[in-house]
Each structure stands twice: as C-alpha cells, then as structure tokens.
file protein-v1.txt (compact mmCIF, C-alpha atoms and all ligand atoms)
# COMPACT_ATOMS: atom_id res chain seq x y z
CA MET V 400 0.00 0.00 0.00
CA SER V 401 1.82 3.16 -1.13
CA GLU V 402 0.80 6.47 0.31
CA ALA V 403 2.26 9.81 -0.75
CA PRO V 404 3.02 11.91 2.35
CA VAL V 405 -0.06 13.76 3.50
CA GLY V 406 -0.29 17.34 2.30
CA THR V 407 1.85 16.99 -0.82
CA ALA V 408 0.09 17.74 -4.08
CA VAL V 409 1.95 16.37 -7.07
CA THR V 410 1.32 18.01 -10.41
CA GLY V 411 2.45 17.49 -13.99
CA SER V 412 2.81 14.45 -16.23
CA ASP V 413 2.27 11.98 -13.39
CA ALA V 414 -1.30 13.17 -12.90
CA ARG V 415 -2.03 13.21 -16.62
CA ALA V 416 -0.94 9.58 -16.93
CA PHE V 417 -3.73 8.52 -14.61
CA ASP V 418 -6.78 7.12 -16.42
CA PRO V 419 -10.24 7.69 -14.90
CA LYS V 420 -11.58 4.98 -17.26
CA ALA V 421 -9.64 2.37 -15.29
CA VAL V 422 -11.74 3.31 -12.24
CA VAL V 423 -14.99 3.07 -14.22
CA ASP V 424 -13.97 -0.36 -15.58
CA ALA V 425 -13.13 -1.58 -12.08
CA VAL V 426 -16.47 -0.44 -10.69
CA ARG V 427 -18.21 -2.18 -13.58
CA ARG V 428 -16.34 -5.42 -12.86
CA ALA V 429 -17.41 -5.30 -9.20
CA ALA V 430 -20.96 -3.91 -9.44
CA GLY V 431 -22.06 -4.71 -12.99
CA THR V 432 -23.25 -2.35 -15.71
CA PRO V 433 -26.01 -0.07 -14.43
CA ASN V 434 -29.41 -0.18 -16.02
CA GLY V 435 -30.08 3.57 -15.75
CA VAL V 436 -28.41 5.21 -12.76
CA LEU V 437 -27.05 3.19 -9.86
CA GLY V 438 -27.52 5.46 -6.83
CA LEU V 439 -25.01 5.76 -4.03
CA HIS V 440 -27.30 4.02 -1.56
CA GLU V 441 -30.82 2.92 -2.40
CA PRO V 442 -33.20 1.35 0.12
CA VAL V 443 -34.34 -2.27 -0.22
CA PHE V 444 -37.92 -3.16 0.76
CA ALA V 445 -38.07 -6.93 0.43
CA GLY V 446 -39.67 -7.99 3.71
CA ASN V 447 -42.71 -7.17 5.84
CA GLU V 448 -42.72 -3.42 5.11
CA VAL V 449 -46.12 -3.27 3.42
CA ALA V 450 -47.75 -5.69 5.88
CA TYR V 451 -46.58 -3.75 8.93
CA LEU V 452 -47.55 -0.37 7.45
CA GLU V 453 -51.00 -1.71 6.64
CA GLU V 454 -51.29 -3.07 10.18
CA CYS V 455 -50.45 0.43 11.47
CA ILE V 456 -53.10 2.16 9.39
CA LYS V 457 -55.78 -0.41 10.20
CA SER V 458 -55.03 -0.02 13.92
CA THR V 459 -55.24 3.84 13.60
CA PHE V 460 -51.95 4.02 15.58
CA VAL V 461 -49.94 5.98 13.00
CA SER V 462 -48.48 8.69 15.23
CA SER V 463 -46.10 9.01 18.13
CA VAL V 464 -47.45 6.23 20.33
CA GLY V 465 -47.93 2.64 19.23
CA PRO V 466 -46.72 -0.93 19.55
CA PHE V 467 -44.21 -0.70 16.69
CA VAL V 468 -42.24 2.02 18.51
CA ASP V 469 -41.67 -0.28 21.49
CA ARG V 470 -40.99 -3.27 19.25
CA PHE V 471 -38.47 -1.27 17.19
CA GLU V 472 -36.66 -0.15 20.34
CA ARG V 473 -36.46 -3.72 21.69
CA MET V 474 -35.18 -4.97 18.30
CA LEU V 475 -32.52 -2.24 18.28
CA GLU V 476 -31.42 -3.31 21.76
CA GLU V 477 -31.14 -6.88 20.54
CA VAL V 478 -29.22 -6.00 17.38
CA THR V 479 -26.79 -3.56 19.04
CA GLY V 480 -26.47 -5.10 22.49
CA ALA V 481 -27.06 -1.68 24.04
CA ARG V 482 -29.06 -1.78 27.27
CA ARG V 483 -31.50 0.87 26.11
CA ALA V 484 -32.50 2.20 22.69
CA VAL V 485 -34.79 5.23 22.37
CA ALA V 486 -36.28 5.81 18.93
CA VAL V 487 -36.44 9.43 17.76
CA VAL V 488 -37.48 11.40 14.71
CA ASN V 489 -34.07 11.53 12.99
CA GLY V 490 -30.36 11.09 13.58
CA THR V 491 -29.71 14.80 14.06
CA ALA V 492 -32.32 14.91 16.85
CA ALA V 493 -30.69 11.81 18.41
CA LEU V 494 -27.34 13.61 18.42
CA HIS V 495 -28.86 16.79 19.84
CA ALA V 496 -30.46 14.81 22.66
CA CYS V 497 -27.20 12.87 23.27
CA PHE V 498 -25.20 16.09 23.66
CA ARG V 499 -27.84 17.47 26.04
CA LEU V 500 -27.80 14.24 28.05
CA ALA V 501 -23.99 14.36 28.15
CA GLY V 502 -24.28 17.77 29.82
CA VAL V 503 -23.18 19.98 26.90
CA GLU V 504 -24.15 23.55 27.80
CA PRO V 505 -24.14 26.88 25.94
CA GLY V 506 -20.57 28.18 25.68
CA ASP V 507 -18.95 24.72 25.90
CA GLU V 508 -16.72 23.14 23.27
CA VAL V 509 -17.05 19.66 21.75
CA MET V 510 -14.07 17.91 20.11
CA SER V 511 -15.33 16.71 16.76
CA PRO V 512 -14.00 15.61 13.36
CA ALA V 513 -13.97 18.13 10.49
CA LEU V 514 -14.63 15.22 8.12
CA THR V 515 -18.25 14.41 8.92
CA PHE V 516 -21.79 15.05 7.77
CA ILE V 517 -23.18 18.43 8.89
CA ALA V 518 -25.52 16.77 11.44
CA THR V 519 -22.72 16.06 13.95
CA THR V 520 -21.65 19.69 13.95
CA ASN V 521 -25.14 21.21 13.81
CA ALA V 522 -26.21 19.18 16.85
CA ILE V 523 -23.30 20.69 18.80
CA ALA V 524 -24.40 24.17 17.70
CA TYR V 525 -28.04 23.46 18.70
CA CYS V 526 -26.75 23.17 22.30
CA GLY V 527 -25.18 26.62 22.00
CA ALA V 528 -21.79 24.92 22.04
CA VAL V 529 -18.83 25.34 19.68
CA PRO V 530 -17.24 22.50 17.70
CA HIS V 531 -13.49 22.13 18.04
CA PHE V 532 -12.15 20.24 15.04
CA VAL V 533 -9.53 17.49 15.26
CA ASP V 534 -7.86 15.58 12.46
CA SER V 535 -8.96 12.28 10.94
CA SER V 536 -7.14 8.99 10.40
CA LEU V 537 -6.24 7.62 6.96
CA VAL V 538 -7.00 4.12 8.25
CA THR V 539 -10.40 4.63 9.93
CA LEU V 540 -11.38 7.88 8.13
CA GLY V 541 -12.70 8.90 11.57
CA MET V 542 -11.28 10.94 14.44
CA ASP V 543 -7.56 10.25 14.91
CA ALA V 544 -6.91 9.28 18.55
CA HIS V 545 -3.32 10.50 18.43
CA ALA V 546 -4.37 13.86 16.95
CA LEU V 547 -7.01 14.20 19.68
CA ALA V 548 -4.50 13.49 22.46
CA THR V 549 -1.95 15.89 20.94
CA ARG V 550 -4.52 18.66 20.55
CA LEU V 551 -5.79 18.30 24.12
CA GLU V 552 -2.22 18.33 25.49
CA ALA V 553 -1.56 21.52 23.49
CA ILE V 554 -4.63 23.53 24.46
CA ALA V 555 -6.43 21.98 27.42
CA GLU V 556 -5.99 22.17 31.15
CA ARG V 557 -7.55 20.10 33.93
CA THR V 558 -9.49 22.24 36.41
CA SER V 559 -12.16 21.72 39.06
CA ARG V 560 -14.73 22.64 36.36
CA GLY V 561 -13.35 19.89 34.10
CA ALA V 562 -11.16 20.25 31.03
CA ILE V 563 -10.83 23.86 29.90
CA ASN V 564 -9.49 25.18 26.60
CA ARG V 565 -6.79 27.58 27.80
CA GLU V 566 -6.96 29.61 24.59
CA THR V 567 -10.73 30.26 24.63
CA GLY V 568 -11.55 29.75 28.32
CA ARG V 569 -14.37 27.41 27.33
CA ARG V 570 -15.08 24.07 28.98
CA ILE V 571 -14.53 21.02 26.77
CA ALA V 572 -17.72 19.11 27.49
CA ALA V 573 -17.68 16.20 25.05
CA ILE V 574 -15.73 14.28 22.42
CA SER V 575 -17.81 13.12 19.45
CA PRO V 576 -16.11 10.66 17.10
CA MET V 577 -18.06 9.48 14.05
CA HIS V 578 -17.70 6.02 12.48
CA THR V 579 -17.17 7.17 8.90
CA PHE V 580 -19.00 5.20 6.18
CA GLY V 581 -19.32 2.34 8.72
CA HIS V 582 -15.62 1.99 9.63
CA PRO V 583 -15.29 2.05 13.45
CA VAL V 584 -12.92 4.64 14.97
CA GLU V 585 -10.08 3.75 17.38
CA LEU V 586 -12.68 3.53 20.12
CA ASP V 587 -10.57 2.17 23.03
CA GLU V 588 -7.92 4.84 22.52
CA ILE V 589 -10.46 7.66 22.22
CA ALA V 590 -12.45 6.40 25.23
CA ALA V 591 -9.23 6.25 27.29
CA ILE V 592 -8.43 9.88 26.37
CA ALA V 593 -11.98 10.91 27.29
CA ARG V 594 -11.66 9.17 30.68
CA GLU V 595 -8.23 10.61 31.32
CA TRP V 596 -9.51 14.16 30.76
CA GLY V 597 -12.92 13.60 32.38
CA ILE V 598 -14.74 14.49 29.15
CA ALA V 599 -18.00 12.80 28.06
CA LEU V 600 -17.92 10.57 24.98
CA VAL V 601 -20.79 10.77 22.47
CA GLU V 602 -20.53 8.45 19.45
CA ASP V 603 -22.07 9.48 16.17
CA ALA V 604 -22.90 5.95 15.00
CA ALA V 605 -25.39 7.19 12.39
CA GLU V 606 -23.61 5.34 9.58
CA SER V 607 -22.45 2.23 11.41
CA LEU V 608 -25.39 0.06 12.47
CA GLY V 609 -24.12 -3.52 12.18
CA SER V 610 -20.41 -2.63 12.42
CA THR V 611 -18.34 -4.21 15.20
CA TYR V 612 -15.32 -3.11 17.19
CA LYS V 613 -13.21 -5.86 18.85
CA GLY V 614 -16.17 -8.23 18.64
CA HIS V 615 -18.81 -5.88 20.04
CA ALA V 616 -21.48 -4.12 17.99
CA VAL V 617 -20.74 -0.43 17.60
CA GLY V 618 -22.83 1.41 20.18
CA SER V 619 -23.10 -1.60 22.52
CA GLN V 620 -20.43 -0.23 24.87
CA ALA V 621 -21.50 3.39 24.55
CA ARG V 622 -22.68 5.62 27.33
CA LEU V 623 -24.31 7.66 24.55
CA ALA V 624 -24.47 6.94 20.83
CA ALA V 625 -26.74 8.14 18.03
CA LEU V 626 -28.08 6.14 15.07
CA SER V 627 -29.81 7.36 11.90
CA PHE V 628 -32.45 5.63 9.77
CA ASN V 629 -32.60 8.21 7.01
CA GLY V 630 -33.55 6.93 3.55
CA ASN V 631 -29.92 6.45 2.51
CA LYS V 632 -28.73 4.55 5.61
CA ILE V 633 -28.27 0.76 5.85
CA VAL V 634 -31.71 0.44 7.47
CA THR V 635 -34.36 3.09 6.92
CA THR V 636 -37.54 4.22 8.65
CA GLY V 637 -38.13 6.93 6.03
CA GLY V 638 -36.68 9.38 8.52
CA GLY V 639 -35.65 8.32 11.98
CA GLY V 640 -32.93 7.88 14.53
CA ALA V 641 -32.17 6.38 17.91
CA ILE V 642 -30.24 7.06 21.07
CA LEU V 643 -28.28 4.10 22.45
CA THR V 644 -27.06 3.93 26.02
CA ASN V 645 -25.70 1.36 28.41
CA ASP V 646 -26.96 3.31 31.39
CA GLU V 647 -30.56 2.57 32.47
CA GLU V 648 -31.02 5.93 34.15
CA LEU V 649 -29.72 7.81 31.09
CA GLY V 650 -32.09 5.71 28.98
CA ARG V 651 -35.02 6.86 31.09
CA ARG V 652 -33.79 10.47 30.81
CA ALA V 653 -33.41 10.08 27.03
CA LYS V 654 -37.01 8.88 26.65
CA HIS V 655 -38.31 11.65 28.91
CA LEU V 656 -36.35 14.45 27.22
CA THR V 657 -37.40 13.37 23.71
CA THR V 658 -41.10 12.93 24.57
CA THR V 659 -41.80 16.51 25.78
CA ALA V 660 -40.69 15.70 29.37
CA LYS V 661 -44.28 14.87 30.31
CA LEU V 662 -44.90 13.24 33.67
CA PRO V 663 -46.94 10.05 33.26
CA HIS V 664 -50.58 10.66 34.18
CA LYS V 665 -53.95 9.55 32.82
CA TRP V 666 -55.06 13.07 31.87
CA ALA V 667 -52.92 15.83 33.38
CA PHE V 668 -50.37 17.69 31.21
CA VAL V 669 -47.45 18.32 33.52
CA HIS V 670 -43.94 18.70 32.05
CA ASP V 671 -40.98 19.06 34.41
CA GLU V 672 -38.38 20.55 32.01
CA ILE V 673 -38.14 21.93 28.47
CA GLY V 674 -38.28 18.70 26.51
CA PHE V 675 -38.40 17.98 22.80
CA ASN V 676 -41.03 16.45 20.58
CA TYR V 677 -38.52 14.09 18.99
CA ARG V 678 -40.77 11.00 19.00
CA LEU V 679 -40.59 8.57 16.10
CA PRO V 680 -44.10 7.95 14.69
CA ASN V 681 -45.44 4.40 14.84
CA LEU V 682 -45.64 4.34 11.01
CA ASN V 683 -41.90 4.93 10.71
CA ALA V 684 -41.16 2.42 13.47
CA ALA V 685 -43.23 -0.20 11.59
CA LEU V 686 -41.01 0.31 8.54
CA GLY V 687 -37.97 0.05 10.83
CA CYS V 688 -39.09 -3.30 12.29
CA ALA V 689 -39.46 -4.77 8.80
CA GLN V 690 -36.05 -3.37 7.83
CA LEU V 691 -34.22 -4.64 10.94
CA GLU V 692 -35.53 -8.16 10.20
CA GLN V 693 -33.43 -7.96 7.01
CA LEU V 694 -30.27 -6.42 8.51
CA ASP V 695 -28.18 -9.62 8.43
CA GLY V 696 -28.98 -10.07 4.74
CA PHE V 697 -28.13 -6.43 3.98
CA LEU V 698 -24.83 -6.78 5.83
CA ALA V 699 -23.90 -9.99 3.99
CA SER V 700 -24.71 -8.47 0.61
CA LYS V 701 -22.72 -5.32 1.37
CA ARG V 702 -19.71 -7.36 2.52
CA ARG V 703 -19.75 -9.29 -0.77
CA LEU V 704 -19.81 -6.03 -2.71
CA ALA V 705 -17.00 -4.53 -0.58
CA ALA V 706 -14.89 -7.65 -1.14
CA ALA V 707 -15.47 -7.38 -4.89
CA TYR V 708 -14.46 -3.69 -4.89
CA GLU V 709 -11.37 -4.54 -2.85
CA ARG V 710 -10.36 -7.26 -5.34
CA VAL V 711 -10.84 -5.17 -8.47
CA PHE V 712 -9.09 -2.10 -7.07
CA ALA V 713 -6.06 -4.17 -6.02
CA ASN V 714 -5.18 -4.05 -9.75
CA VAL V 715 -5.82 -0.34 -10.40
CA PRO V 716 -2.65 1.72 -10.01
CA GLY V 717 -3.05 4.97 -8.12
CA VAL V 718 -6.19 3.89 -6.27
CA ARG V 719 -6.60 2.33 -2.85
CA PHE V 720 -9.80 0.74 -1.55
CA SER V 721 -10.59 1.81 2.03
CA ARG V 722 -10.95 -1.49 3.88
CA GLU V 723 -12.26 -2.03 7.40
CA PRO V 724 -9.65 -1.24 10.12
CA ALA V 725 -7.96 -4.22 11.85
CA GLY V 726 -9.96 -5.59 14.78
CA THR V 727 -13.24 -4.28 13.37
CA THR V 728 -15.92 -5.25 10.92
CA SER V 729 -17.39 -2.42 8.88
CA ASN V 730 -20.98 -2.48 7.68
CA TYR V 731 -19.49 -0.93 4.52
CA TRP V 732 -22.39 1.53 4.47
CA LEU V 733 -20.60 3.47 1.72
CA ASN V 734 -17.62 1.98 -0.06
CA ALA V 735 -14.78 4.43 -0.53
CA ILE V 736 -11.65 4.61 -2.64
CA LEU V 737 -8.74 7.02 -2.19
CA LEU V 738 -6.77 8.27 -5.17
CA ASP V 739 -3.04 8.56 -4.50
CA GLU V 740 -2.11 12.12 -3.61
CA ALA V 741 -0.37 12.37 -7.01
CA TYR V 742 -3.75 12.00 -8.72
CA ALA V 743 -5.87 14.07 -6.34
CA GLN V 744 -6.31 16.77 -8.98
CA ARG V 745 -8.04 14.15 -11.20
CA ARG V 746 -10.75 13.42 -8.61
CA ASP V 747 -13.44 15.41 -10.40
CA ASP V 748 -12.53 13.75 -13.71
CA VAL V 749 -13.08 10.38 -12.05
CA LEU V 750 -16.38 11.56 -10.54
CA THR V 751 -17.51 12.82 -13.95
CA ALA V 752 -16.52 9.56 -15.69
CA LEU V 753 -18.30 7.45 -13.07
CA ASN V 754 -21.49 9.52 -13.16
CA GLU V 755 -21.53 9.53 -16.98
CA ALA V 756 -21.30 5.73 -16.85
CA GLY V 757 -24.37 5.65 -14.55
CA PHE V 758 -22.58 5.21 -11.22
CA GLY V 759 -23.82 7.70 -8.61
CA ALA V 760 -20.35 8.31 -7.16
CA ARG V 761 -19.81 11.23 -4.77
CA PRO V 762 -16.90 13.05 -3.11
CA ALA V 763 -16.50 13.33 0.66
CA TRP V 764 -18.37 16.09 2.50
CA THR V 765 -16.92 19.59 2.45
CA LEU V 766 -14.90 19.79 5.67
CA MET V 767 -16.78 21.53 8.47
CA HIS V 768 -14.20 24.30 9.02
CA ARG V 769 -14.69 25.45 5.41
CA LEU V 770 -18.40 26.15 5.99
CA PRO V 771 -19.21 29.78 6.89
CA MET V 772 -20.93 28.90 10.19
CA PHE V 773 -17.92 27.00 11.51
CA ALA V 774 -15.01 28.84 9.89
CA GLN V 775 -14.20 30.58 13.19
CA SER V 776 -14.35 27.42 15.30
CA PRO V 777 -11.12 26.34 17.01
CA ARG V 778 -9.23 23.55 15.28
CA GLY V 779 -6.05 21.55 15.36
CA ASP V 780 -3.97 20.63 12.34
CA LEU V 781 -6.34 19.06 9.77
CA ALA V 782 -3.81 17.93 7.15
CA THR V 783 -5.08 14.35 6.93
CA ALA V 784 -8.77 15.33 6.78
CA GLU V 785 -7.88 17.80 4.02
CA SER V 786 -5.98 15.10 2.15
CA ILE V 787 -8.91 12.67 2.44
CA GLU V 788 -11.30 15.38 1.25
CA ARG V 789 -9.14 15.98 -1.86
CA ARG V 790 -9.01 12.37 -3.01
CA LEU V 791 -11.86 10.27 -1.58
CA ILE V 792 -14.66 8.93 -3.76
CA ASN V 793 -17.71 7.02 -2.51
CA LEU V 794 -19.01 4.27 -4.78
CA PRO V 795 -22.51 2.81 -5.21
CA SER V 796 -23.08 0.61 -2.16
CA SER V 797 -26.73 -0.50 -2.00
CA ALA V 798 -27.53 -3.89 -0.49
CA SER V 799 -29.43 -4.63 -3.73
CA ILE V 800 -26.23 -4.59 -5.83
CA ARG V 801 -25.14 -8.11 -6.66
CA ALA V 802 -21.36 -8.28 -6.44
CA ARG V 803 -19.44 -9.74 -9.35
CA ASP V 804 -15.81 -9.46 -10.28
CA GLU V 805 -14.72 -10.98 -13.50
C1 LIG V 901 -27.03 10.47 8.45
C2 LIG V 901 -26.15 11.05 9.47
C3 LIG V 901 -26.64 11.67 10.63
C4 LIG V 901 -28.09 11.84 10.94
O1 LIG V 901 -28.82 12.33 9.90
P1 LIG V 901 -30.42 12.43 9.86
O2 LIG V 901 -30.67 12.69 8.42
O3 LIG V 901 -30.79 13.55 10.75
O4 LIG V 901 -31.00 11.12 10.31
C5 LIG V 901 -25.74 12.12 11.57
N1 LIG V 901 -24.43 12.00 11.40
C6 LIG V 901 -23.91 11.42 10.30
C7 LIG V 901 -22.43 11.29 10.20
C8 LIG V 901 -24.73 10.93 9.29
O5 LIG V 901 -24.20 10.36 8.21

call {"tool": "encode", "arguments": {"input": "protein-v1.txt", "output": "structure tokens", "more": "lines below"}}
Ligand SMILES: *Cc1c(COP(=O)(O)O)cnc(C)c1O
result
Amino acid sequence: MSEAPVGTAVTGSDARAFDPKAVVDAVRRAAGTPNGVLGLHEPVFAGNEVAYLEECIKSTFVSSVGPFVDRFERMLEEVTGARRAVAVVNGTAALHACFRLAGVEPGDEVMSPALTFIATTNAIAYCGAVPHFVDSSLVTLGMDAHALATRLEAIAERTSRGAINRETGRRIAAISPMHTFGHPVELDEIAAIAREWGIALVEDAAESLGSTYKGHAVGSQARLAALSFNGNKIVTTGGGGAILTNDEELGRRAKHLTTTAKLPHKWAFVHDEIGFNYRLPNLNAALGCAQLEQLDGFLASKRRLAAAYERVFANVPGVRFSREPAGTTSNYWLNAILLDEAYAQRRDDVLTALNEAGFGARPAWTLMHRLPMFAQSPRGDLATAESIERRLINLPSSASIRARDE
C-alpha cells in the first residue's frame, strides 16, 4: 500500500498519466453495468414493510405512540447489544439529545471531526456549544486518537470545572467521534483519552449500524451513541434515529427528554423541564421493524460487494480501496476509494466519468471548518482530513447490488 506523504500535491505528467476509465472499468467489474443510474445508496424493501404499514393504518396508531415504537426499540437493543434504545425522529435529533444528556451547555466546546456530515456539527451548535475540530485517520477515516491526544495536550488544562481550553476559556464538554461510512474509529484509545480528561464521549454511529469493534457491535459499549435511519442509511424508517445507552437511568432520561418531558398521568399535562417532541411515529417504526428483520442479509450483501471492490481495485494503479480497520468489521455503508495524492487533482474527472457511466459516485463532505458557520471554530492541524477530502470517492453501495468481479 503506497501512500504519498499527507499534504503533498503532485502536479504534472504523473497526474495526466492517470486514467479515470480504469476506475470506471473496475467499478463495472465489481458492481455490474447499471441499467439507468445506480444510486449511491438505495433502500431495499423486500420484507414485511407493506404488511406492517397496513397493520399500522388499520389499527389507527400511526403517530407518536404505538406498539411498533416499542418493538423497534427492543429490536434495536437486541441488534446492538445496548441496554436501552430510544427511537427518535431523525439522527440529528438523536445527536442533539445525546449532547444534552452528556451535559453539553451553551458556551462549551465539543471535540469533533472536520470530516463528517453536517448533522454532527449542527447538533453541537443546537446546544449553544462550539465544535473544536480534530484531524482524521487515513485508516479509519474517523477521528484520529493521536491527533485528539496531541490537541488536548496543546490547548487543554484540567481544572475543578473539568477540562478547559486555555486559549478560549471554554469548557470542553464532550468528544464526538463518528464512524465514517461504517468503519469504526479507534474507540478504546479515544475512550481512554476521554476518561483521562474527564470528558464525556458521544458516538455518532449514524452510519455504522451492524459494524463491530473488537467483537462488540458499535454502540453496545456506549454511554451515549446516536443512530440514523434516514432513507440512505443501511436500514431506513423513512426518517428516523435512535439514542443508544448502556446506562438505564440515562435511557429513562433520554425517553423523557425526547417525549416533551411529560410526567406520566392519565389526563394531566405536567412537564418538568423543556423537553423535545422528537418521537418517532409508529408508522416509521413499523417500517424500521421490517427493515431490521433484514439487517443480516443487507450486511452480507454489502460485505460481498466490498470484497469485490477490494479485489478489483487491487489491480488499479493509483487507487486504494478503504478497507475495514484491523480488529473491526465495517458495515461498509458506503464503499470508498482514495486516489493517491499524485492523482488528487483528477478526482473530479473520475467523478464525472463514473457519473456519466451511470454510477452515482460522490466526493466526501466539504470539511466543516470550510463552511461559513464553523469557519471561526477552534481547530487543530487538519492535514489528513484535508488530504482525504481531496481524493476520496464514494461508490454505489446499496444492499441490492449483486457483487461480481470478473
Ligand atoms: C445520516 C447522518 C446523521 C443523521 O442524519 P439524519 O438525516 O438527521 O438522520 C448524523 N451523522 C452522520 C455522520 C450521518 O451520516
């Protein structure tokens, strides 16, 4: 595996020699020739979806209370191994609630990757807190544990109020790694840093349902983790999310906070704090139950496709397939390739060639510190995240794609 040093952009004849068609041919060998456009991630409804939705409508329980909500939560607990799962209206709401439950207050800072979907960062801002960006790892594509430790050593100080950023005077209230495209982060190392500094850990596991870290499902060991069931995720409820926690009391708090903080009573409306109406409707939960029944099949199909991509890209010079980190299994939510740094300037040519051939390939997200709302946020060195941003391409990854590789 050859990697140009991070941060070096090579120009000239080397880059011109690179052929985007070789990438298109490889994708075709792994995923077949698309009939129309092969989207990045399309949902598969091959189980009890229609039956459960019909059951919902016939029962009149279509809204925020109903048996499918409870059933979906119990199924999530079984699948993830988390003690408590609380279903909510989307993944962003799950993250917002997680940060609140972790004690993130206005004026705090949260250590977060710059390479993530906007939801992680927005949820921090919804708490009135400020994201503090740390670099990502070339191996996991998620928060780099070493970069996190280095950044904290450089700017933070332990006080009776907790960890304080010496440069801004703000408390560092949480660390929020995200398991990028399904690849688990270096969780033990990041959790150890969080413990050492007395900072809460909130996992953005929106993309990683079904992934494992050292034999445990991602989220199963979490004090607080957030899942998403948006239409493009491995399992969808239309829109939806969940909070996972291993702490019974936090689980009760999570349910309370996301269901308007209403005290249970037959008729009286008494609410004991400012809660949120983040409840997942029964209709969406019904869809989720049918989807979770198929999770093992989705995972198996996606692993076959990832293996096919890995095989075909082993023979494409200048391109590296991003495989699951050692000691983990990725759900391979979105397959990703990285062009060598020498060919980074050809990324858009590759994207154009893939899309013209009917493959709905996409680049990585624009890094958070480049967006106007977060340009002033504190940050460490982001050289690796910037390198990944320049040269990463996501490939069609739906569970419905039948892997082939001749
Ligand atoms: C999908 C996603 C979320 C949650 O998104 P919703 O659309 O609100 O469900 C959060 N974080 C990441 C990294 C995601 O990919």

call {"tool": "axis_aligned_box", "arguments": {"input": "protein-v1.txt", "around": "ligand LIG 901 (chain V)", "padding_each_side": "3 Å", "output": "AutoDock Vina command-line options"}}
result
--center_x -26.7 --center_y 12.0 --center_z 9.9 --size_x 14.6 --size_y 9.2 --size_z 9.4

call {"tool": "closest_atom_pairs", "arguments": {"input": "protein-v1.txt", "of": "chain V", "to": "ligand LIG 901 (chain V)", "cutoff": "9 Å", "atoms": "only C-alpha atoms and all ligand atoms", "output": "Markdown table"}}
result
| residue | atom | partner | partner_atom | distance |
| --- | --- | --- | --- | --- |
| V:Val488 | CA | V:LIG901 | O4 | 7.8 |
| V:Asn489 | CA | V:LIG901 | O4 | 4.1 |
| V:Gly490 | CA | V:LIG901 | O4 | 3.3 |
| V:Thr491 | CA | V:LIG901 | O3 | 3.7 |
| V:Ala492 | CA | V:LIG901 | O3 | 6.4 |
| V:Ala493 | CA | V:LIG901 | O3 | 7.9 |
| V:Leu494 | CA | V:LIG901 | C5 | 7.2 |
| V:Leu514 | CA | V:LIG901 | C7 | 9.0 |
| V:Thr515 | CA | V:LIG901 | C7 | 5.4 |
| V:Phe516 | CA | V:LIG901 | C7 | 4.5 |
| V:Ile517 | CA | V:LIG901 | N1 | 7.0 |
| V:Ala518 | CA | V:LIG901 | C5 | 4.7 |
| V:Thr519 | CA | V:LIG901 | N1 | 5.1 |
| V:Thr520 | CA | V:LIG901 | N1 | 8.6 |
| V:Ala522 | CA | V:LIG901 | C5 | 8.8 |
| V:Met577 | CA | V:LIG901 | C7 | 6.1 |
| V:His578 | CA | V:LIG901 | C7 | 7.4 |
| V:Thr579 | CA | V:LIG901 | C7 | 6.8 |
| V:Phe580 | CA | V:LIG901 | O5 | 7.6 |
| V:Asp603 | CA | V:LIG901 | N1 | 5.9 |
| V:Ala604 | CA | V:LIG901 | C7 | 7.2 |
| V:Ala605 | CA | V:LIG901 | C2 | 4.9 |
| V:Glu606 | CA | V:LIG901 | O5 | 5.2 |
| V:Ser607 | CA | V:LIG901 | O5 | 8.9 |
| V:Ala625 | CA | V:LIG901 | C5 | 7.7 |
| V:Leu626 | CA | V:LIG901 | C4 | 7.0 |
| V:Ser627 | CA | V:LIG901 | O4 | 4.3 |
| V:Phe628 | CA | V:LIG901 | O4 | 5.7 |
| V:Asn629 | CA | V:LIG901 | O4 | 4.7 |
| V:Gly630 | CA | V:LIG901 | O2 | 8.1 |
| V:Asn631 | CA | V:LIG901 | C1 | 7.7 |
| V:Lys632 | CA | V:LIG901 | C1 | 6.8 |
| V:Gly638 | CA | V:LIG901 | O4 | 6.2 |
| V:Gly639 | CA | V:LIG901 | O4 | 5.7 |
| V:Gly640 | CA | V:LIG901 | O4 | 5.7 |

call {"tool": "atom_distance", "arguments": {"input": "protein-v1.txt", "atom1": "CA of Gly438 in chain V", "atom2": "CA of Pro795 in chain V"}}
result
5.9 Å

call {"tool": "residues_around", "arguments": {"input": "protein-v1.txt", "residues": "range 587-593 of chain V", "least_positions_apart": "5", "cutoff": "9 Å", "atoms": "all atoms listed in the file", "output": "list in words"}}
result
Met542, Asp543, Ala544, His545, Leu547, Ala548, Ala573, Ile574, Pro576, Ile598, Ala599 and Leu600 of chain V

call {"tool": "atom_distance", "arguments": {"input": "protein-v1.txt", "atom1": "CA of Thr658 in chain V", "atom2": "CA of Ala484 in chain V"}}
result
13.9 Å

call {"tool": "build_atoms", "arguments": {"input": "protein-v1.txt", "residues": "range 474-485 of chain V", "atoms": "N, CA and C atoms", "output": "mmCIF file, keeping the file's coordinate frame"}}
result
data_model
loop_
_atom_site.group_PDB
_atom_site.id
_atom_site.type_symbol
_atom_site.label_atom_id
_atom_site.label_comp_id
_atom_site.auth_asym_id
_atom_site.auth_seq_id
_atom_site.Cartn_x
_atom_site.Cartn_y
_atom_site.Cartn_z
ATOM 1 N N MET V 474 -35.988 -4.346 19.368
ATOM 2 C CA MET V 474 -35.180 -4.970 18.300
ATOM 3 C C MET V 474 -33.810 -4.300 18.191
ATOM 4 N N LEU V 475 -33.801 -2.966 18.340
ATOM 5 C CA LEU V 475 -32.520 -2.240 18.280
ATOM 6 C C LEU V 475 -31.605 -2.663 19.424
ATOM 7 N N GLU V 476 -32.207 -2.869 20.606
ATOM 8 C CA GLU V 476 -31.420 -3.310 21.760
ATOM 9 C C GLU V 476 -30.818 -4.690 21.476
ATOM 10 N N GLU V 477 -31.623 -5.546 20.848
ATOM 11 C CA GLU V 477 -31.140 -6.880 20.540
ATOM 12 C C GLU V 477 -30.008 -6.848 19.502
ATOM 13 N N VAL V 478 -30.201 -6.064 18.470
ATOM 14 C CA VAL V 478 -29.220 -6.000 17.380
ATOM 15 C C VAL V 478 -27.913 -5.360 17.838
ATOM 16 N N THR V 479 -27.998 -4.309 18.662
ATOM 17 C CA THR V 479 -26.790 -3.560 19.040
ATOM 18 C C THR V 479 -26.180 -4.056 20.348
ATOM 19 N N GLY V 480 -26.973 -4.712 21.188
ATOM 20 C CA GLY V 480 -26.470 -5.100 22.490
ATOM 21 C C GLY V 480 -26.478 -3.964 23.501
ATOM 22 N N ALA V 481 -26.962 -2.794 23.094
ATOM 23 C CA ALA V 481 -27.060 -1.680 24.040
ATOM 24 C C ALA V 481 -28.191 -1.977 25.039
ATOM 25 N N ARG V 482 -28.047 -1.497 26.264
ATOM 26 C CA ARG V 482 -29.060 -1.780 27.270
ATOM 27 C C ARG V 482 -30.381 -1.094 26.928
ATOM 28 N N ARG V 483 -30.279 0.135 26.395
ATOM 29 C CA ARG V 483 -31.500 0.870 26.110
ATOM 30 C C ARG V 483 -31.377 1.582 24.768
ATOM 31 N N ALA V 484 -32.409 1.446 23.938
ATOM 32 C CA ALA V 484 -32.500 2.200 22.690
ATOM 33 C C ALA V 484 -33.765 3.052 22.757
ATOM 34 N N VAL V 485 -33.640 4.320 22.394
ATOM 35 C CA VAL V 485 -34.790 5.230 22.370
ATOM 36 C C VAL V 485 -34.938 5.749 20.941
#
